[in-house]
$ cat structure_7.tsv   # TSV, C-alpha atoms
chain	number	residue	atom	x	y	z
A	11	MET	CA	-85.23	119.87	-75.36
A	12	SER	CA	-81.81	121.49	-75.31
A	13	ALA	CA	-78.51	119.65	-75.48
A	14	LYS	CA	-77.78	120.79	-71.94
A	15	ASP	CA	-81.01	119.28	-70.63
A	16	TYR	CA	-80.45	116.12	-72.64
A	17	VAL	CA	-77.04	115.37	-71.11
A	18	GLU	CA	-77.76	116.58	-67.58
A	19	LYS	CA	-80.82	114.37	-67.12
A	20	ASP	CA	-80.06	110.94	-65.68
A	21	TYR	CA	-82.60	108.78	-67.47
A	22	TYR	CA	-81.42	105.65	-65.68
A	23	LYS	CA	-82.18	107.29	-62.36
A	24	VAL	CA	-85.57	108.46	-63.63
A	25	LEU	CA	-86.58	104.88	-64.40
A	26	GLY	CA	-84.70	103.42	-61.45
A	27	VAL	CA	-82.71	100.94	-63.51
A	28	PRO	CA	-78.93	100.27	-63.61
A	29	LYS	CA	-76.87	101.49	-66.55
A	30	ASP	CA	-76.36	97.91	-67.74
A	31	ALA	CA	-80.08	97.12	-67.71
A	32	THR	CA	-81.33	95.12	-70.67
A	33	THR	CA	-83.95	96.45	-73.06
A	34	ALA	CA	-86.47	93.98	-71.61
A	35	GLU	CA	-85.78	95.20	-68.07
A	36	ILE	CA	-86.16	98.82	-69.14
A	37	LYS	CA	-89.45	98.05	-70.87
A	38	LYS	CA	-90.82	96.15	-67.87
A	39	THR	CA	-89.91	98.94	-65.46
A	40	TYR	CA	-91.33	101.61	-67.73
A	41	ARG	CA	-94.68	99.83	-68.05
A	42	LYS	CA	-94.97	99.54	-64.29
A	43	LEU	CA	-94.17	103.21	-63.71
A	44	ALA	CA	-96.36	104.36	-66.60
A	45	ARG	CA	-99.38	102.59	-65.11
A	46	GLU	CA	-98.65	104.11	-61.70
A	47	PHE	CA	-98.21	107.71	-62.83
A	48	HIS	CA	-100.46	107.84	-65.88
A	49	PRO	CA	-102.62	111.02	-65.88
A	50	ASP	CA	-105.79	108.95	-66.24
A	51	ALA	CA	-104.98	107.25	-62.94
A	52	ASN	CA	-104.03	110.52	-61.22
A	53	LYS	CA	-106.70	113.05	-62.16
A	54	GLY	CA	-105.62	116.60	-61.30
A	55	ASP	CA	-102.26	115.53	-59.86
A	56	ALA	CA	-99.70	117.84	-61.50
A	57	LYS	CA	-96.74	116.11	-59.86
A	58	ALA	CA	-97.83	112.72	-61.18
A	59	GLU	CA	-98.25	114.23	-64.62
A	60	ASP	CA	-94.73	115.69	-64.55
A	61	ARG	CA	-93.37	112.38	-63.32
A	62	PHE	CA	-95.15	110.58	-66.15
A	63	LYS	CA	-93.59	112.94	-68.69
A	64	ASP	CA	-90.11	112.34	-67.26
A	65	ILE	CA	-90.65	108.58	-67.34
A	66	SER	CA	-91.86	108.70	-70.94
A	67	GLU	CA	-88.95	110.90	-72.00
A	68	ALA	CA	-86.44	108.56	-70.38
A	69	TYR	CA	-87.99	105.48	-71.95
A	70	ASP	CA	-88.07	107.15	-75.35
A	71	VAL	CA	-84.28	107.42	-75.27
A	72	LEU	CA	-83.25	104.24	-73.42
A	73	SER	CA	-85.57	101.93	-75.39
A	74	ASP	CA	-83.87	102.89	-78.66
A	75	ASP	CA	-80.46	101.20	-78.95
A	76	LYS	CA	-79.00	103.91	-81.18
A	77	ARG	CA	-80.24	106.84	-79.10
A	78	ARG	CA	-79.21	105.09	-75.89
A	79	LYS	CA	-75.67	104.63	-77.20
A	80	GLU	CA	-75.45	108.29	-78.21
A	81	TYR	CA	-76.83	109.36	-74.84
A	82	ASP	CA	-74.35	107.20	-72.94
A	83	GLU	CA	-71.45	108.55	-75.00
A	84	ALA	CA	-72.54	112.13	-74.48
A	85	ARG	CA	-72.92	111.59	-70.72
A	86	SER	CA	-69.52	109.95	-70.56
A	87	LEU	CA	-67.91	112.77	-72.50
A	88	PHE	CA	-69.51	115.73	-70.77
A	89	GLY	CA	-70.62	114.31	-67.45
A	90	SER	CA	-73.55	116.05	-65.77
A	91	GLY	CA	-73.53	119.72	-64.89
A	92	GLY	CA	-70.63	120.81	-67.11
A	93	PHE	CA	-66.87	121.17	-66.52
A	94	ARG	CA	-65.51	122.95	-63.48
A	95	SER	CA	-62.05	123.85	-62.24
A	96	GLY	CA	-60.81	124.92	-58.85
A	97	GLY	CA	-61.45	123.55	-55.39
A	98	PRO	CA	-64.33	123.77	-52.96
A	99	GLY	CA	-65.53	127.25	-52.09
A	100	GLY	CA	-64.21	128.90	-55.20
A	101	GLY	CA	-62.49	128.41	-58.50
A	102	ALA	CA	-63.44	129.14	-62.04
A	103	SER	CA	-66.31	127.52	-63.86
A	104	PHE	CA	-68.26	127.99	-67.04
A	105	ASP	CA	-71.82	127.28	-67.96
A	106	PHE	CA	-72.50	123.91	-69.57
A	107	GLY	CA	-74.96	125.60	-71.90
A	108	ASP	CA	-72.20	127.87	-73.28
A	109	LEU	CA	-70.34	124.78	-74.41
A	110	PHE	CA	-73.25	123.79	-76.64
A	111	SER	CA	-74.56	127.18	-77.70
A	112	GLY	CA	-71.31	128.72	-78.99
A	113	SER	CA	-71.07	132.37	-79.91
A	114	ALA	CA	-71.41	134.51	-82.98
A	115	ASN	CA	-67.66	134.43	-83.55
A	116	GLN	CA	-67.17	130.80	-82.81
A	117	GLY	CA	-69.99	129.36	-84.89
A	118	GLY	CA	-72.49	126.86	-83.57
A	119	GLY	CA	-70.29	125.31	-80.86
A	120	ILE	CA	-70.21	121.64	-79.97
A	121	GLY	CA	-73.99	121.62	-80.25
A	122	ASP	CA	-73.57	121.63	-84.02
A	123	VAL	CA	-71.49	118.45	-83.79
A	124	PHE	CA	-74.32	116.74	-81.95
A	125	GLY	CA	-77.05	118.40	-83.99
A	126	GLY	CA	-78.56	115.10	-85.03
A	127	LEU	CA	-78.53	113.80	-81.48
A	128	PHE	CA	-80.23	116.84	-79.96
A	129	ASN	CA	-82.48	117.69	-82.91
A	130	ARG	CA	-80.58	120.88	-83.57
A	131	GLY	CA	-79.21	122.12	-86.85
A	132	GLY	CA	-79.65	120.52	-90.24
A	133	ARG	CA	-79.96	116.82	-90.80
A	134	ALA	CA	-79.46	114.81	-93.91
A	135	ALA	CA	-82.62	113.62	-95.53
A	136	GLN	CA	-83.61	110.27	-94.05
A	137	PRO	CA	-84.22	107.11	-96.08
A	138	ARG	CA	-87.89	106.60	-96.80
A	139	ARG	CA	-89.56	103.21	-97.04
A	140	GLY	CA	-91.49	102.42	-100.18
A	141	ALA	CA	-95.26	102.14	-100.13
A	142	ASP	CA	-97.08	98.83	-99.76
A	143	VAL	CA	-98.82	97.59	-102.89
A	144	GLU	CA	-102.13	95.71	-103.07
A	145	THR	CA	-103.08	93.37	-105.91
A	146	GLU	CA	-105.30	90.37	-106.61
A	147	VAL	CA	-104.88	87.07	-108.41
A	148	THR	CA	-107.31	84.30	-109.36
A	149	LEU	CA	-106.11	80.70	-109.20
A	150	SER	CA	-107.64	77.48	-110.35
A	151	PHE	CA	-108.68	75.04	-107.66
A	152	GLU	CA	-105.67	72.83	-108.44
A	153	GLU	CA	-103.22	75.76	-108.25
A	154	ALA	CA	-104.55	76.77	-104.85
A	155	VAL	CA	-104.12	73.24	-103.53
A	156	ASP	CA	-100.62	72.59	-104.89
A	157	GLY	CA	-99.22	76.13	-105.16
A	158	ALA	CA	-98.32	78.02	-108.32
A	159	THR	CA	-95.98	80.64	-109.75
A	160	VAL	CA	-98.05	83.32	-111.45
A	161	PRO	CA	-97.17	86.53	-113.30
A	162	LEU	CA	-98.46	89.72	-111.68
A	163	ARG	CA	-98.51	93.04	-113.50
A	164	MET	CA	-98.44	95.88	-111.01
A	165	THR	CA	-98.42	99.64	-111.22
A	166	SER	CA	-96.74	101.42	-108.33
A	167	GLN	CA	-94.77	104.54	-107.53
A	168	ALA	CA	-91.03	104.48	-108.26
A	169	PRO	CA	-88.30	107.13	-108.40
A	170	CYS	CA	-88.82	109.42	-111.39
A	171	LYS	CA	-86.32	108.50	-114.10
A	172	VAL	CA	-86.07	112.05	-115.44
A	173	CYS	CA	-84.92	113.67	-112.19
A	174	SER	CA	-83.55	110.48	-110.58
A	175	GLY	CA	-86.03	110.83	-107.76
A	176	THR	CA	-84.95	114.30	-106.58
A	177	GLY	CA	-88.10	116.01	-107.82
A	178	ALA	CA	-86.01	118.95	-109.04
A	179	LYS	CA	-85.60	120.21	-112.58
A	180	ALA	CA	-82.35	119.27	-114.32
A	181	GLY	CA	-79.53	121.53	-113.19
A	182	THR	CA	-81.19	122.33	-109.83
A	183	THR	CA	-81.20	120.60	-106.47
A	184	PRO	CA	-83.76	120.40	-103.63
A	185	ARG	CA	-83.12	122.16	-100.32
A	186	VAL	CA	-83.58	120.85	-96.80
A	187	CYS	CA	-87.03	121.52	-95.38
A	188	PRO	CA	-86.63	124.05	-92.53
A	189	THR	CA	-89.69	122.74	-90.69
A	190	CYS	CA	-88.57	119.14	-90.16
A	191	VAL	CA	-84.86	119.85	-90.78
A	192	GLY	CA	-84.70	117.09	-93.38
A	193	ALA	CA	-86.26	114.37	-91.23
A	194	GLY	CA	-89.53	114.24	-93.12
A	195	THR	CA	-91.45	113.91	-89.85
A	196	VAL	CA	-92.37	116.15	-86.96
A	197	SER	CA	-93.26	115.08	-83.43
A	198	ARG	CA	-96.30	116.10	-81.45
A	199	GLY	CA	-96.36	115.52	-77.70
A	200	GLN	CA	-93.55	114.29	-75.50
A	201	GLY	CA	-91.73	111.11	-74.47
A	202	ALA	CA	-92.76	107.61	-75.46
A	203	PHE	CA	-96.26	108.84	-76.27
A	204	ALA	CA	-95.08	111.45	-78.76
A	205	LEU	CA	-96.80	111.13	-82.11
A	206	SER	CA	-94.64	111.28	-85.20
A	207	GLU	CA	-96.36	112.45	-88.35
A	208	PRO	CA	-95.25	113.42	-91.87
A	209	CYS	CA	-94.14	117.00	-92.22
A	210	ARG	CA	-96.91	118.99	-93.91
A	211	ASP	CA	-94.58	121.44	-95.60
A	212	CYS	CA	-92.47	118.87	-97.45
A	213	ARG	CA	-95.07	116.06	-97.32
A	214	GLY	CA	-92.68	113.73	-95.59
A	215	ARG	CA	-89.80	114.00	-98.08
A	216	GLY	CA	-87.51	116.14	-95.92
A	217	MET	CA	-86.69	118.30	-98.93
A	218	LEU	CA	-88.33	121.25	-100.69
A	219	VAL	CA	-88.20	121.73	-104.45
A	220	ASP	CA	-88.23	125.30	-105.75
A	221	ASP	CA	-87.98	124.41	-109.45
A	222	PRO	CA	-89.87	121.12	-109.91
A	223	CYS	CA	-89.31	118.43	-112.50
A	224	ALA	CA	-91.78	118.71	-115.38
A	225	VAL	CA	-92.54	114.97	-115.31
A	226	CYS	CA	-93.15	114.23	-111.63
A	227	HIS	CA	-94.02	117.85	-110.69
A	228	GLY	CA	-91.60	117.85	-107.78
A	229	SER	CA	-92.77	114.64	-106.08
A	230	GLY	CA	-89.73	112.63	-107.18
A	231	ARG	CA	-92.06	109.71	-107.89
A	232	ALA	CA	-93.70	108.47	-111.06
A	233	SER	CA	-95.96	105.57	-111.94
A	234	SER	CA	-94.07	102.47	-112.96
A	235	ALA	CA	-95.58	99.29	-114.43
A	236	ARG	CA	-93.77	96.00	-114.00
A	237	THR	CA	-94.49	92.30	-114.28
A	238	MET	CA	-93.04	89.92	-111.74
A	239	GLN	CA	-93.27	86.21	-111.10
A	240	VAL	CA	-94.81	85.53	-107.69
A	241	ARG	CA	-94.91	82.18	-105.93
A	242	ILE	CA	-98.25	81.46	-104.27
A	243	PRO	CA	-97.71	78.81	-101.58
A	244	ALA	CA	-99.51	75.48	-101.64
A	245	GLY	CA	-102.69	75.20	-99.61
A	246	VAL	CA	-103.72	78.86	-99.95
A	247	GLN	CA	-107.35	79.49	-99.02
A	248	ALA	CA	-109.90	81.44	-101.04
A	249	ASP	CA	-109.78	85.20	-100.25
A	250	GLN	CA	-106.60	84.75	-98.23
A	251	ARG	CA	-104.28	87.79	-98.13
A	252	ILE	CA	-100.60	86.95	-98.60
A	253	ARG	CA	-97.76	89.28	-97.68
A	254	LEU	CA	-94.62	89.23	-99.82
A	255	LYS	CA	-91.96	91.21	-97.99
A	256	GLY	CA	-89.94	93.71	-100.01
A	257	LYS	CA	-91.95	93.23	-103.22
A	258	GLY	CA	-93.82	96.55	-103.05
A	259	ALA	CA	-92.88	100.03	-104.24
A	260	GLN	CA	-89.22	101.07	-104.17
A	261	GLY	CA	-87.98	103.25	-101.32
A	262	GLU	CA	-86.46	106.70	-101.52
A	263	ARG	CA	-82.90	107.68	-100.68
A	264	GLY	CA	-81.87	104.10	-100.07
A	265	GLY	CA	-84.97	103.23	-98.05
A	266	GLN	CA	-86.31	99.68	-97.95
A	267	PRO	CA	-88.99	98.72	-100.48
A	268	GLY	CA	-92.55	98.27	-99.29
A	269	ASP	CA	-94.42	94.98	-99.15
A	270	LEU	CA	-96.74	93.39	-101.67
A	271	TYR	CA	-100.10	92.12	-100.43
A	272	VAL	CA	-101.83	89.65	-102.73
A	273	THR	CA	-105.49	88.71	-102.23
A	274	VAL	CA	-106.07	85.26	-103.69
A	275	HIS	CA	-109.35	84.24	-105.30
A	276	VAL	CA	-109.95	80.58	-106.15
A	277	ASP	CA	-112.18	79.24	-108.90
A	278	PRO	CA	-114.53	76.47	-107.74
A	279	HIS	CA	-114.00	72.89	-108.89
A	280	PRO	CA	-116.89	70.95	-110.49
A	281	VAL	CA	-116.20	67.85	-108.38
A	282	PHE	CA	-114.06	68.65	-105.36
A	283	GLY	CA	-114.53	71.01	-102.44
A	284	ARG	CA	-112.26	72.22	-99.66
A	285	LYS	CA	-112.45	72.05	-95.87
A	286	GLY	CA	-109.21	73.35	-94.37
A	287	ASP	CA	-106.39	71.01	-95.40
A	288	ASN	CA	-108.87	68.34	-96.47
A	289	LEU	CA	-110.59	67.98	-99.83
A	290	THR	CA	-114.19	66.84	-100.10
A	291	VAL	CA	-116.09	64.88	-102.73
A	292	THR	CA	-119.57	63.37	-102.90
A	293	VAL	CA	-119.75	59.89	-104.43
A	294	PRO	CA	-123.07	58.28	-105.48
A	295	VAL	CA	-123.58	54.59	-104.64
A	296	SER	CA	-126.35	52.21	-105.62
A	297	PHE	CA	-128.84	50.87	-103.12
A	298	PRO	CA	-127.37	47.33	-103.30
A	299	GLU	CA	-123.88	48.74	-102.64
A	300	ALA	CA	-125.14	50.69	-99.63
A	301	ALA	CA	-127.12	47.74	-98.28
A	302	LEU	CA	-124.67	44.92	-98.98
A	303	GLY	CA	-121.38	46.81	-98.81
A	304	GLY	CA	-118.45	46.44	-101.15
A	305	THR	CA	-115.54	48.28	-102.68
A	306	ILE	CA	-116.09	51.60	-104.44
A	307	GLU	CA	-113.70	53.55	-106.65
A	308	VAL	CA	-113.21	57.23	-105.85
A	309	PRO	CA	-111.48	59.90	-108.00
A	310	THR	CA	-108.72	62.09	-106.54
A	311	LEU	CA	-107.68	65.61	-107.50
A	312	ALA	CA	-104.21	64.59	-108.59
A	313	GLY	CA	-103.05	61.10	-109.41
A	314	PRO	CA	-104.90	57.81	-109.80
A	315	SER	CA	-108.23	57.00	-108.21
A	316	VAL	CA	-108.42	55.15	-104.88
A	317	LYS	CA	-110.58	52.25	-103.76
A	318	LEU	CA	-112.40	52.42	-100.44
A	319	ARG	CA	-114.26	49.76	-98.49
A	320	LEU	CA	-117.97	50.58	-98.11
A	321	PRO	CA	-119.46	48.88	-95.04
A	322	ALA	CA	-122.72	46.94	-95.37
A	323	GLY	CA	-125.73	48.97	-94.31
A	324	SER	CA	-124.12	52.32	-95.11
A	325	ALA	CA	-126.54	55.18	-94.61
A	326	ASN	CA	-126.89	58.15	-96.91
A	327	GLY	CA	-124.38	60.85	-95.86
A	328	LEU	CA	-121.77	58.46	-94.45
A	329	THR	CA	-118.25	59.95	-94.71
A	330	LEU	CA	-115.26	57.82	-95.63
A	331	ARG	CA	-111.64	59.03	-95.48
A	332	ALA	CA	-108.82	58.58	-98.00
A	333	ARG	CA	-105.70	59.59	-96.09
A	334	GLY	CA	-103.05	61.76	-97.73
A	335	LYS	CA	-105.20	62.66	-100.73
A	336	GLY	CA	-106.12	66.18	-99.63
A	337	ALA	CA	-104.54	69.65	-99.94
A	338	THR	CA	-100.84	70.29	-99.41
A	339	ARG	CA	-99.94	71.69	-95.98
A	340	LYS	CA	-97.16	74.16	-95.14
A	341	ASP	CA	-94.89	71.32	-93.99
A	342	GLY	CA	-95.27	69.51	-97.30
A	343	THR	CA	-97.63	66.79	-96.03
A	344	ARG	CA	-101.15	66.45	-97.36
A	345	GLY	CA	-104.54	66.42	-95.72
A	346	ASP	CA	-107.19	63.80	-96.39
A	347	LEU	CA	-109.93	63.31	-98.96
A	348	LEU	CA	-113.33	63.19	-97.24
A	349	VAL	CA	-115.75	61.05	-99.27
A	350	THR	CA	-119.46	61.52	-98.58
A	351	VAL	CA	-121.70	58.65	-99.68
A	352	GLU	CA	-124.92	59.55	-101.49
A	353	VAL	CA	-127.33	56.70	-102.16
A	354	ALA	CA	-128.58	57.07	-105.73
A	355	VAL	CA	-132.31	56.43	-106.24
A	356	PRO	CA	-133.26	55.52	-109.84
A	357	LYS	CA	-135.92	57.70	-111.44
A	358	SER	CA	-137.64	54.67	-112.96
A	359	VAL	CA	-137.45	50.90	-112.47
A	360	GLU	CA	-138.49	48.38	-115.16
A	361	GLY	CA	-138.25	44.73	-116.11
A	362	ASP	CA	-136.36	42.32	-113.92
A	363	ALA	CA	-135.24	45.12	-111.65
A	364	LEU	CA	-138.84	46.09	-110.95
A	365	THR	CA	-139.80	42.46	-110.26
A	366	ALA	CA	-136.86	41.98	-107.91
A	367	LEU	CA	-137.61	45.22	-106.10
A	368	GLU	CA	-141.27	44.28	-105.57
A	369	GLN	CA	-140.18	40.93	-104.20
A	370	TYR	CA	-137.79	42.69	-101.88
A	371	ARG	CA	-140.60	44.97	-100.64
A	372	GLU	CA	-142.80	42.00	-99.87
A	373	ALA	CA	-139.97	40.24	-98.08
A	374	THR	CA	-139.33	43.27	-95.87
A	375	ALA	CA	-142.92	44.40	-95.34
A	376	SER	CA	-142.74	43.71	-91.62
A	377	ASP	CA	-139.72	46.01	-91.24
A	378	ASP	CA	-141.16	49.50	-90.85
A	379	PRO	CA	-138.29	52.05	-90.98
A	380	ARG	CA	-140.57	54.68	-89.37
A	381	ALA	CA	-141.62	52.61	-86.39
A	382	ASP	CA	-139.07	54.13	-84.04
A	383	LEU	CA	-140.10	57.61	-85.16
A	384	PHE	CA	-143.73	57.09	-84.18
A	385	ARG	CA	-142.84	55.42	-80.89
A	386	ALA	CA	-140.63	58.38	-80.00
A	387	ALA	CA	-143.40	60.82	-80.96
A	388	GLU	CA	-145.98	59.00	-78.82
A	389	GLY	CA	-143.65	58.88	-75.86
A	390	ALA	CA	-142.76	62.58	-76.01
$ encode --input "structure_7.tsv" --output "structure tokens"
Amino acid sequence: MSAKDYVEKDYYKVLGVPKDATTAEIKKTYRKLAREFHPDANKGDAKAEDRFKDISEAYDVLSDDKRRKEYDEARSLFGSGGFRSGGPGGGASFDFGDLFSGSANQGGGIGDVFGGLFNRGGRAAQPRRGADVETEVTLSFEEAVDGATVPLRMTSQAPCKVCSGTGAKAGTTPRVCPTCVGAGTVSRGQGAFALSEPCRDCRGRGMLVDDPCAVCHGSGRASSARTMQVRIPAGVQADQRIRLKGKGAQGERGGQPGDLYVTVHVDPHPVFGRKGDNLTVTVPVSFPEAALGGTIEVPTLAGPSVKLRLPAGSANGLTLRARGKGATRKDGTRGDLLVTVEVAVPKSVEGDALTALEQYREATASDDPRADLFRAAEGA
């Protein structure tokens, strides 16, 4: 698109929004129009397709605060249709396009001043964000519950120290890529649906190196190993992926660093388990304790044990709850400890215990625990 076309088009009129429309209003209007004039909804309708392209082009500019500001300033400065002198029916005028194209004697014209705005002329190489880095760490069960600071040794790409990230041999400098004009990206398509992809000629760097650095071979990047202390938050789950913003590879030309993604593995605990923010533990109890009830002592992951009241007649698998003895939550509070009762059956019974148990069996002979089962089966 030429500078002339850029300034002469009234993108506000194309979208049907006022010049003081908010970004949210512009987005809402664009979505409505895009659905109405999308080619998929208007098969074979060339006018609808052209309208859709105009809408997309307008939104592409007005949805970007920086581009919108530049567009408004250019429109305010040059108006629409160029400068004219003289009255109706005559007078001198000159073509708006001449103002931007210039001549061989005059250089590039005003178009060179707005080269960045209209994608004309050279552009300075753009900052490039650093790559994201993936790593893994294994924590103990306790560290996952309470959080931990762990050292991570990572190898990532960083600016080459020999050429200071330029990729060029000492004493030489890179040149601006003529394909992407230093942007590092090229666009395919048009309007809001244009696809931006890395330039193939310069591989997204925006610069070409004729005499490459012997260490990085012209890439400007080299492998760099570093160890950093990373805080893993309390309550992290096994196989959870944590994002640490700005802890990835360094950017180029002042670009922001990438992010670090840490996949956390957790070693199992021999006693405790995990269910969300709650911890779990299975506690054996004797038959008399289950039948008669009482107080049982239960271990906790951190701190002293707790005592819980076991109701009389507790069945195998009953779950008791010790509040505040679980895993740490994001807000600093703790979940609960879920205690599952498991009635322990002795492998052998002798002496007084055997005598007492036989007496108990005789005393309860009339109480058949399977009676309800058979009655239900017969009635089915």
$ residues_around --input "structure_7.tsv" --residues "region 177-190 of chain A" --least-positions-apart "5" --cutoff "6 Å" --atoms "all atoms listed in the file" --output "JSON, numbers by chain"
{"A": [195, 196, 216, 217, 218, 219, 221, 222, 223, 228, 229, 230]}
$ atom_distance --input "structure_7.tsv" --atom1 "CA of Arg210 (chain A)" --atom2 "CA of Ser73 (chain A)"
27.6 Å
$ atom_distance --input "structure_7.tsv" --atom1 "CA of Tyr370 (chain A)" --atom2 "CA of Leu318 (chain A)"
27.2 Å
$ residues_around --input "structure_7.tsv" --residues "Thr33 (chain A)" --least-positions-apart "4" --cutoff "10 Å" --atoms "all atoms listed in the file" --output "PyMOL selection string"
chain A and resi 37-39+69+72-75
$ residues_around --input "structure_7.tsv" --residues "Leu320 (chain A)" --least-positions-apart "3" --cutoff "9 Å" --atoms "only C-alpha atoms" --output "list of chain:residue names"
A:Glu299, A:Ala300, A:Leu302, A:Gly303, A:Gly304, A:Thr305, A:Ile306, A:Gly323, A:Ser324, A:Leu330
$ residues_around --input "structure_7.tsv" --residues "Ala332 (chain A)" --least-positions-apart "5" --cutoff "8 Å" --atoms "only C-alpha atoms" --output "JSON, numbers by chain"
{"A": [316, 318, 346, 347, 348, 349]}
$ atom_distance --input "structure_7.tsv" --atom1 "CA of Val143 (chain A)" --atom2 "CA of Ala235 (chain A)"
12.1 Å
$ residues_around --input "structure_7.tsv" --residues "Gly327 (chain A)" --least-positions-apart "4" --cutoff "8 Å" --atoms "all atoms listed in the file" --output "list in words"
Thr350, Val351 and Glu352 of chain A
$ closest_residue --input "structure_7.tsv" --among "A:Gly256, A:Pro208, A:Leu311, A:Val246" --to "Val276 (chain A)" --atoms "all atoms listed in the file"
A:Val246
